[in-house]
$ cat upload.cif   # mmCIF, C-alpha atoms
data_start
loop_
_atom_site.label_atom_id
_atom_site.label_comp_id
_atom_site.auth_asym_id
_atom_site.auth_seq_id
_atom_site.Cartn_x
_atom_site.Cartn_y
_atom_site.Cartn_z
CA MET A 1 83.36 14.42 93.44
CA LYS A 2 79.64 14.94 92.89
CA ILE A 3 77.52 11.89 93.64
CA TYR A 4 73.93 11.25 92.63
CA PHE A 5 72.28 8.77 95.00
CA ALA A 6 68.99 7.18 93.94
CA GLY A 7 66.54 5.26 96.08
CA SER A 8 62.82 4.64 96.05
CA ILE A 9 60.62 7.59 96.96
CA ARG A 10 57.09 7.06 95.69
CA GLY A 11 57.68 3.34 95.15
CA GLY A 12 58.01 2.88 98.92
CA ARG A 13 59.98 4.50 101.73
CA GLN A 14 60.69 1.34 103.76
CA ASP A 15 64.44 1.74 103.24
CA ALA A 16 64.75 5.49 103.94
CA GLU A 17 66.89 4.93 107.05
CA LEU A 18 69.20 2.62 105.08
CA TYR A 19 69.45 5.24 102.33
CA LEU A 20 70.52 7.79 104.94
CA ARG A 21 73.28 5.48 106.22
CA ILE A 22 74.54 4.87 102.67
CA ILE A 23 74.44 8.62 101.94
CA GLU A 24 76.50 9.30 105.07
CA LYS A 25 79.16 6.85 103.80
CA LEU A 26 79.08 8.45 100.33
CA GLN A 27 79.73 11.89 101.85
CA ALA A 28 83.26 10.75 102.68
CA TYR A 29 83.92 10.78 98.91
CA GLY A 30 82.31 14.06 97.95
CA THR A 31 79.06 15.97 97.72
CA VAL A 32 75.88 13.91 97.56
CA LEU A 33 73.62 16.05 95.40
CA THR A 34 70.53 14.04 96.38
CA GLU A 35 71.02 13.67 100.12
CA HIS A 36 67.31 14.41 100.60
CA VAL A 37 66.53 10.85 99.43
CA GLY A 38 67.45 9.67 102.94
CA ALA A 39 65.25 12.20 104.73
CA LYS A 40 62.44 10.80 106.86
CA ASN A 41 60.35 13.90 106.15
CA LEU A 42 60.99 13.94 102.40
CA GLU A 43 57.39 14.69 101.47
CA GLU A 44 57.43 17.71 103.77
CA CYS A 45 60.74 18.91 102.27
CA GLU A 46 59.43 18.74 98.71
CA LYS A 47 55.79 19.74 99.13
CA HIS A 48 56.47 23.24 97.76
CA LEU A 49 57.87 21.79 94.50
CA SER A 50 55.80 20.75 91.50
CA GLU A 51 56.49 17.42 89.81
CA LYS A 52 58.04 19.33 86.88
CA GLU A 53 60.32 21.25 89.26
CA ILE A 54 61.44 17.98 90.90
CA TYR A 55 62.10 16.43 87.48
CA ASN A 56 64.08 19.45 86.23
CA ARG A 57 66.13 19.65 89.44
CA ASP A 58 66.94 15.95 89.42
CA MET A 59 67.85 15.90 85.72
CA ALA A 60 70.18 18.87 86.27
CA TRP A 61 71.85 17.02 89.16
CA LEU A 62 72.12 13.88 87.05
CA GLN A 63 73.93 15.79 84.32
CA GLU A 64 76.19 17.45 86.91
CA CYS A 65 77.19 14.32 88.83
CA ASP A 66 80.44 12.41 88.39
CA VAL A 67 79.04 9.06 89.58
CA PHE A 68 75.61 7.52 90.09
CA VAL A 69 74.84 5.16 92.99
CA ALA A 70 71.42 3.52 93.35
CA GLU A 71 69.97 1.28 96.03
CA VAL A 72 67.67 -0.87 93.87
CA THR A 73 66.17 -3.36 96.34
CA GLN A 74 62.84 -1.52 96.55
CA PRO A 75 61.45 -1.43 92.99
CA SER A 76 60.97 2.13 91.72
CA LEU A 77 59.98 3.44 88.32
CA GLY A 78 61.85 6.67 89.04
CA VAL A 79 65.10 4.93 89.96
CA GLY A 80 64.86 2.78 86.83
CA TYR A 81 64.34 5.91 84.74
CA GLU A 82 67.32 7.62 86.40
CA ILE A 83 69.53 4.59 85.72
CA GLY A 84 68.57 4.69 82.05
CA ARG A 85 69.36 8.39 81.86
CA ALA A 86 72.68 7.85 83.67
CA ILE A 87 73.61 5.21 81.08
CA THR A 88 72.77 7.65 78.28
CA LEU A 89 74.93 10.30 79.95
CA ASN A 90 77.87 7.84 80.24
CA LYS A 91 77.94 8.07 84.02
CA LYS A 92 79.79 5.53 86.13
CA ILE A 93 76.98 3.54 87.81
CA LEU A 94 76.78 1.36 90.93
CA CYS A 95 73.55 -0.50 91.76
CA LEU A 96 73.21 -2.05 95.22
CA PHE A 97 70.77 -4.93 95.82
CA ARG A 98 70.12 -6.79 99.10
CA LEU A 99 69.76 -10.51 98.35
CA ASP A 100 68.27 -11.14 101.79
CA SER A 101 65.28 -8.88 100.99
CA GLY A 102 63.27 -11.74 99.51
CA LYS A 103 62.80 -9.67 96.35
CA SER A 104 64.11 -10.31 92.86
CA LEU A 105 66.29 -7.82 91.05
CA SER A 106 64.96 -6.74 87.67
CA ALA A 107 66.66 -8.53 84.79
CA MET A 108 66.98 -5.11 83.13
CA ILE A 109 69.33 -4.05 85.95
CA ALA A 110 71.10 -7.35 86.58
CA GLY A 111 71.59 -7.94 82.87
CA ALA A 112 72.89 -4.43 82.20
CA GLU A 113 76.12 -5.00 84.14
CA THR A 114 78.92 -4.57 81.64
CA GLY A 115 81.70 -6.46 83.39
CA SER A 116 83.67 -3.20 83.44
CA SER A 117 83.82 -0.51 86.08
CA SER A 118 81.28 1.68 84.26
CA PHE A 119 78.15 -0.28 85.29
CA VAL A 120 78.42 -2.40 88.42
CA VAL A 121 75.71 -4.37 90.22
CA LYS A 122 76.55 -5.59 93.72
CA ASN A 123 74.51 -7.93 95.88
CA TYR A 124 75.26 -6.80 99.40
CA LYS A 125 74.62 -6.82 103.11
CA GLU A 126 74.76 -3.47 104.86
CA GLU A 127 78.07 -4.30 106.54
CA ASP A 128 79.61 -4.62 103.04
CA VAL A 129 78.72 -1.09 101.89
CA THR A 130 81.91 0.62 103.07
CA LYS A 131 84.12 -1.83 101.16
CA ILE A 132 81.93 -1.77 98.04
CA LEU A 133 81.94 2.04 97.92
CA SER A 134 85.70 2.15 98.44
CA GLU A 135 86.29 -0.26 95.56
CA PHE A 136 83.87 1.59 93.27
CA LEU A 137 84.85 5.17 94.08
CA ASN A 138 88.64 4.85 94.44
#
$ encode --input "upload.cif" --output "structure tokens"
Amino acid sequence: MKIYFAGSIRGGRQDAELYLRIIEKLQAYGTVLTEHVGAKNLEECEKHLSEKEIYNRDMAWLQECDVFVAEVTQPSLGVGYEIGRAITLNKKILCLFRLDSGKSLSAMIAGAETGSSSFVVKNYKEEDVTKILSEFLN
């Protein structure tokens, strides 16, 4: 299985360590095409790439992936864009939101949940991630 993981990059890197832990759990199910999203030194890793190269690479991965998982607690224009593209590409989508963050989830994400397994929004605590991923990916 090829998994596209999305998390905030330019919108704020406060959750990078959490992203890494989620990515590590996702790797039990297949290849995480975007494992760099959890890297502490992400800017250093991508400094040789132009914005167009990053866009083209990520869109190619998005088309290639079997499932799309996004941590959406930290608001991010890029993650929102990727979710929209994943919907257009008919990808199976899981959005994870931490209620205890003190933030509000965008109505455009919360309201997009279809009630089916194709677009799922889960409010979670980190200790719930393993179970949520198992239910979504199995």
$ closest_residue --input "upload.cif" --among "A:Tyr29, A:Phe136, A:Tyr124, A:Tyr55" --to "Glu82 (chain A)" --atoms "all atoms listed in the file"
A:Tyr55
$ resolve_selection --input "upload.cif" --expression "the PyMOL selection byres ((chain A and resi 24) around 12)" --output "number ranges by chain"
A: 3, 5, 17-23, 25-32, 34-39, 129-130, 133
$ atom_distance --input "upload.cif" --atom1 "CA of Lys122 (chain A)" --atom2 "CA of Leu94 (chain A)"
7.5 Å
$ atom_distance --input "upload.cif" --atom1 "CA of Leu137 (chain A)" --atom2 "CA of Thr73 (chain A)"
20.7 Å
$ closest_residue --input "upload.cif" --among "A:Ile93, A:Cys45, A:Ile9, A:Ile54" --to "Leu77 (chain A)" --atoms "only C-alpha atoms"
A:Ile9
$ atom_distance --input "upload.cif" --atom1 "CA of Ser117 (chain A)" --atom2 "CA of Ala6 (chain A)"
18.5 Å
$ closest_residue --input "upload.cif" --among "A:Lys2, A:Arg85, A:Arg13, A:Arg98" --to "Lys40 (chain A)" --atoms "all atoms listed in the file"
A:Arg13
$ residues_around --input "upload.cif" --residues "Trp61 (chain A)" --least-positions-apart "3" --cutoff "8 Å" --atoms "all atoms listed in the file" --output "VMD selection string"
chain A and resid 4 33 to 34 57 to 58 64 to 65
$ resolve_selection --input "upload.cif" --expression "the PyMOL selection byres ((chain A and resi 80) around 10)" --output "list in words"
Ala6, Gly7, Ser8, Ala70, Val72, Pro75, Ser76, Leu77, Gly78, Val79, Tyr81, Glu82, Ile83, Gly84, Arg85, Ala86, Ser106, Met108 and Ile109 of chain A
$ closest_residue --input "upload.cif" --among "A:Asn41, A:Thr88, A:Gln74, A:Leu62" --to "Lys103 (chain A)" --atoms "only C-alpha atoms"
A:Gln74
$ axis_aligned_box --input "upload.cif" --around "region 33-49 of chain A" --padding-each-side "5 Å" --output "JSON"
{"center_x": 64.7, "center_y": 16.5, "center_z": 100.7, "size_x": 27.8, "size_y": 23.6, "size_z": 22.4}
$ closest_residue --input "upload.cif" --among "A:Leu49, A:Ile87, A:Ile132, A:Leu99" --to "Glu113 (chain A)" --atoms "all atoms listed in the file"
A:Ile87
$ closest_residue --input "upload.cif" --among "A:Val120, A:Ser101, A:Arg10, A:Lys92" --to "Glu51 (chain A)" --atoms "only C-alpha atoms"
A:Arg10
$ build_atoms --input "upload.cif" --residues "region 82-115 of chain A" --atoms "N, CA and C atoms" --output "PDB file, in the coordinates of the input"
ATOM      1  N   GLU A  82      66.044   6.923  86.139  1.00  0.00           N
ATOM      2  CA  GLU A  82      67.320   7.620  86.400  1.00  0.00           C
ATOM      3  C   GLU A  82      68.508   6.771  85.954  1.00  0.00           C
ATOM      4  N   ILE A  83      68.444   5.469  86.166  1.00  0.00           N
ATOM      5  CA  ILE A  83      69.530   4.590  85.720  1.00  0.00           C
ATOM      6  C   ILE A  83      69.658   4.663  84.206  1.00  0.00           C
ATOM      7  N   GLY A  84      68.534   4.595  83.508  1.00  0.00           N
ATOM      8  CA  GLY A  84      68.570   4.690  82.050  1.00  0.00           C
ATOM      9  C   GLY A  84      69.175   6.001  81.569  1.00  0.00           C
ATOM     10  N   ARG A  85      68.790   7.087  82.231  1.00  0.00           N
ATOM     11  CA  ARG A  85      69.360   8.390  81.860  1.00  0.00           C
ATOM     12  C   ARG A  85      70.853   8.442  82.168  1.00  0.00           C
ATOM     13  N   ALA A  86      71.255   7.866  83.310  1.00  0.00           N
ATOM     14  CA  ALA A  86      72.680   7.850  83.670  1.00  0.00           C
ATOM     15  C   ALA A  86      73.494   7.070  82.647  1.00  0.00           C
ATOM     16  N   ILE A  87      72.934   5.985  82.130  1.00  0.00           N
ATOM     17  CA  ILE A  87      73.610   5.210  81.080  1.00  0.00           C
ATOM     18  C   ILE A  87      73.797   6.098  79.853  1.00  0.00           C
ATOM     19  N   THR A  88      72.725   6.774  79.459  1.00  0.00           N
ATOM     20  CA  THR A  88      72.770   7.650  78.280  1.00  0.00           C
ATOM     21  C   THR A  88      73.806   8.753  78.435  1.00  0.00           C
ATOM     22  N   LEU A  89      73.976   9.231  79.669  1.00  0.00           N
ATOM     23  CA  LEU A  89      74.930  10.300  79.950  1.00  0.00           C
ATOM     24  C   LEU A  89      76.348   9.780  80.206  1.00  0.00           C
ATOM     25  N   ASN A  90      76.554   8.469  80.036  1.00  0.00           N
ATOM     26  CA  ASN A  90      77.870   7.840  80.240  1.00  0.00           C
ATOM     27  C   ASN A  90      78.412   8.026  81.654  1.00  0.00           C
ATOM     28  N   LYS A  91      77.520   7.965  82.630  1.00  0.00           N
ATOM     29  CA  LYS A  91      77.940   8.070  84.020  1.00  0.00           C
ATOM     30  C   LYS A  91      78.445   6.713  84.510  1.00  0.00           C
ATOM     31  N   LYS A  92      79.351   6.744  85.452  1.00  0.00           N
ATOM     32  CA  LYS A  92      79.790   5.530  86.130  1.00  0.00           C
ATOM     33  C   LYS A  92      78.685   5.172  87.131  1.00  0.00           C
ATOM     34  N   ILE A  93      78.187   3.930  87.077  1.00  0.00           N
ATOM     35  CA  ILE A  93      76.980   3.540  87.810  1.00  0.00           C
ATOM     36  C   ILE A  93      77.252   2.349  88.720  1.00  0.00           C
ATOM     37  N   LEU A  94      76.764   2.463  89.968  1.00  0.00           N
ATOM     38  CA  LEU A  94      76.780   1.360  90.930  1.00  0.00           C
ATOM     39  C   LEU A  94      75.354   1.126  91.399  1.00  0.00           C
ATOM     40  N   CYS A  95      74.863  -0.111  91.251  1.00  0.00           N
ATOM     41  CA  CYS A  95      73.550  -0.500  91.760  1.00  0.00           C
ATOM     42  C   CYS A  95      73.750  -1.488  92.906  1.00  0.00           C
ATOM     43  N   LEU A  96      73.111  -1.218  94.033  1.00  0.00           N
ATOM     44  CA  LEU A  96      73.210  -2.050  95.220  1.00  0.00           C
ATOM     45  C   LEU A  96      71.897  -2.793  95.440  1.00  0.00           C
ATOM     46  N   PHE A  97      71.971  -4.119  95.618  1.00  0.00           N
ATOM     47  CA  PHE A  97      70.770  -4.930  95.820  1.00  0.00           C
ATOM     48  C   PHE A  97      70.986  -5.887  96.985  1.00  0.00           C
ATOM     49  N   ARG A  98      70.040  -5.905  97.927  1.00  0.00           N
ATOM     50  CA  ARG A  98      70.120  -6.790  99.100  1.00  0.00           C
ATOM     51  C   ARG A  98      69.458  -8.131  98.780  1.00  0.00           C
ATOM     52  N   LEU A  99      70.271  -9.169  98.641  1.00  0.00           N
ATOM     53  CA  LEU A  99      69.760 -10.510  98.350  1.00  0.00           C
ATOM     54  C   LEU A  99      68.806 -11.015  99.435  1.00  0.00           C
ATOM     55  N   ASP A 100      69.076 -10.642 100.685  1.00  0.00           N
ATOM     56  CA  ASP A 100      68.270 -11.140 101.790  1.00  0.00           C
ATOM     57  C   ASP A 100      66.906 -10.452 101.909  1.00  0.00           C
ATOM     58  N   SER A 101      66.560  -9.606 100.949  1.00  0.00           N
ATOM     59  CA  SER A 101      65.280  -8.880 100.990  1.00  0.00           C
ATOM     60  C   SER A 101      64.099  -9.762 100.623  1.00  0.00           C
ATOM     61  N   GLY A 102      64.354 -10.899  99.986  1.00  0.00           N
ATOM     62  CA  GLY A 102      63.270 -11.740  99.510  1.00  0.00           C
ATOM     63  C   GLY A 102      62.683 -11.266  98.191  1.00  0.00           C
ATOM     64  N   LYS A 103      63.258 -10.218  97.631  1.00  0.00           N
ATOM     65  CA  LYS A 103      62.800  -9.670  96.350  1.00  0.00           C
ATOM     66  C   LYS A 103      63.729 -10.150  95.239  1.00  0.00           C
ATOM     67  N   SER A 104      63.284  -9.971  94.013  1.00  0.00           N
ATOM     68  CA  SER A 104      64.110 -10.310  92.860  1.00  0.00           C
ATOM     69  C   SER A 104      64.526  -9.035  92.155  1.00  0.00           C
ATOM     70  N   LEU A 105      65.785  -8.974  91.786  1.00  0.00           N
ATOM     71  CA  LEU A 105      66.290  -7.820  91.050  1.00  0.00           C
ATOM     72  C   LEU A 105      65.823  -7.901  89.607  1.00  0.00           C
ATOM     73  N   SER A 106      65.387  -6.801  89.065  1.00  0.00           N
ATOM     74  CA  SER A 106      64.960  -6.740  87.670  1.00  0.00           C
ATOM     75  C   SER A 106      66.066  -7.232  86.751  1.00  0.00           C
ATOM     76  N   ALA A 107      65.694  -8.053  85.781  1.00  0.00           N
ATOM     77  CA  ALA A 107      66.660  -8.530  84.790  1.00  0.00           C
ATOM     78  C   ALA A 107      67.243  -7.360  83.998  1.00  0.00           C
ATOM     79  N   MET A 108      66.496  -6.276  83.876  1.00  0.00           N
ATOM     80  CA  MET A 108      66.980  -5.110  83.130  1.00  0.00           C
ATOM     81  C   MET A 108      68.134  -4.424  83.865  1.00  0.00           C
ATOM     82  N   ILE A 109      68.210  -4.587  85.173  1.00  0.00           N
ATOM     83  CA  ILE A 109      69.330  -4.050  85.950  1.00  0.00           C
ATOM     84  C   ILE A 109      70.447  -5.093  86.018  1.00  0.00           C
ATOM     85  N   ALA A 110      70.096  -6.299  86.448  1.00  0.00           N
ATOM     86  CA  ALA A 110      71.100  -7.350  86.580  1.00  0.00           C
ATOM     87  C   ALA A 110      71.789  -7.638  85.257  1.00  0.00           C
ATOM     88  N   GLY A 111      71.040  -7.631  84.181  1.00  0.00           N
ATOM     89  CA  GLY A 111      71.590  -7.940  82.870  1.00  0.00           C
ATOM     90  C   GLY A 111      72.346  -6.801  82.231  1.00  0.00           C
ATOM     91  N   ALA A 112      72.221  -5.608  82.777  1.00  0.00           N
ATOM     92  CA  ALA A 112      72.890  -4.430  82.200  1.00  0.00           C
ATOM     93  C   ALA A 112      74.346  -4.325  82.636  1.00  0.00           C
ATOM     94  N   GLU A 113      74.737  -5.071  83.669  1.00  0.00           N
ATOM     95  CA  GLU A 113      76.120  -5.000  84.140  1.00  0.00           C
ATOM     96  C   GLU A 113      77.063  -5.324  82.993  1.00  0.00           C
ATOM     97  N   THR A 114      78.044  -4.474  82.802  1.00  0.00           N
ATOM     98  CA  THR A 114      78.920  -4.570  81.640  1.00  0.00           C
ATOM     99  C   THR A 114      80.165  -5.414  81.869  1.00  0.00           C
ATOM    100  N   GLY A 115      80.461  -5.750  83.111  1.00  0.00           N
ATOM    101  CA  GLY A 115      81.700  -6.460  83.390  1.00  0.00           C
ATOM    102  C   GLY A 115      82.880  -5.497  83.501  1.00  0.00           C
TER     103      GLY A 115
END
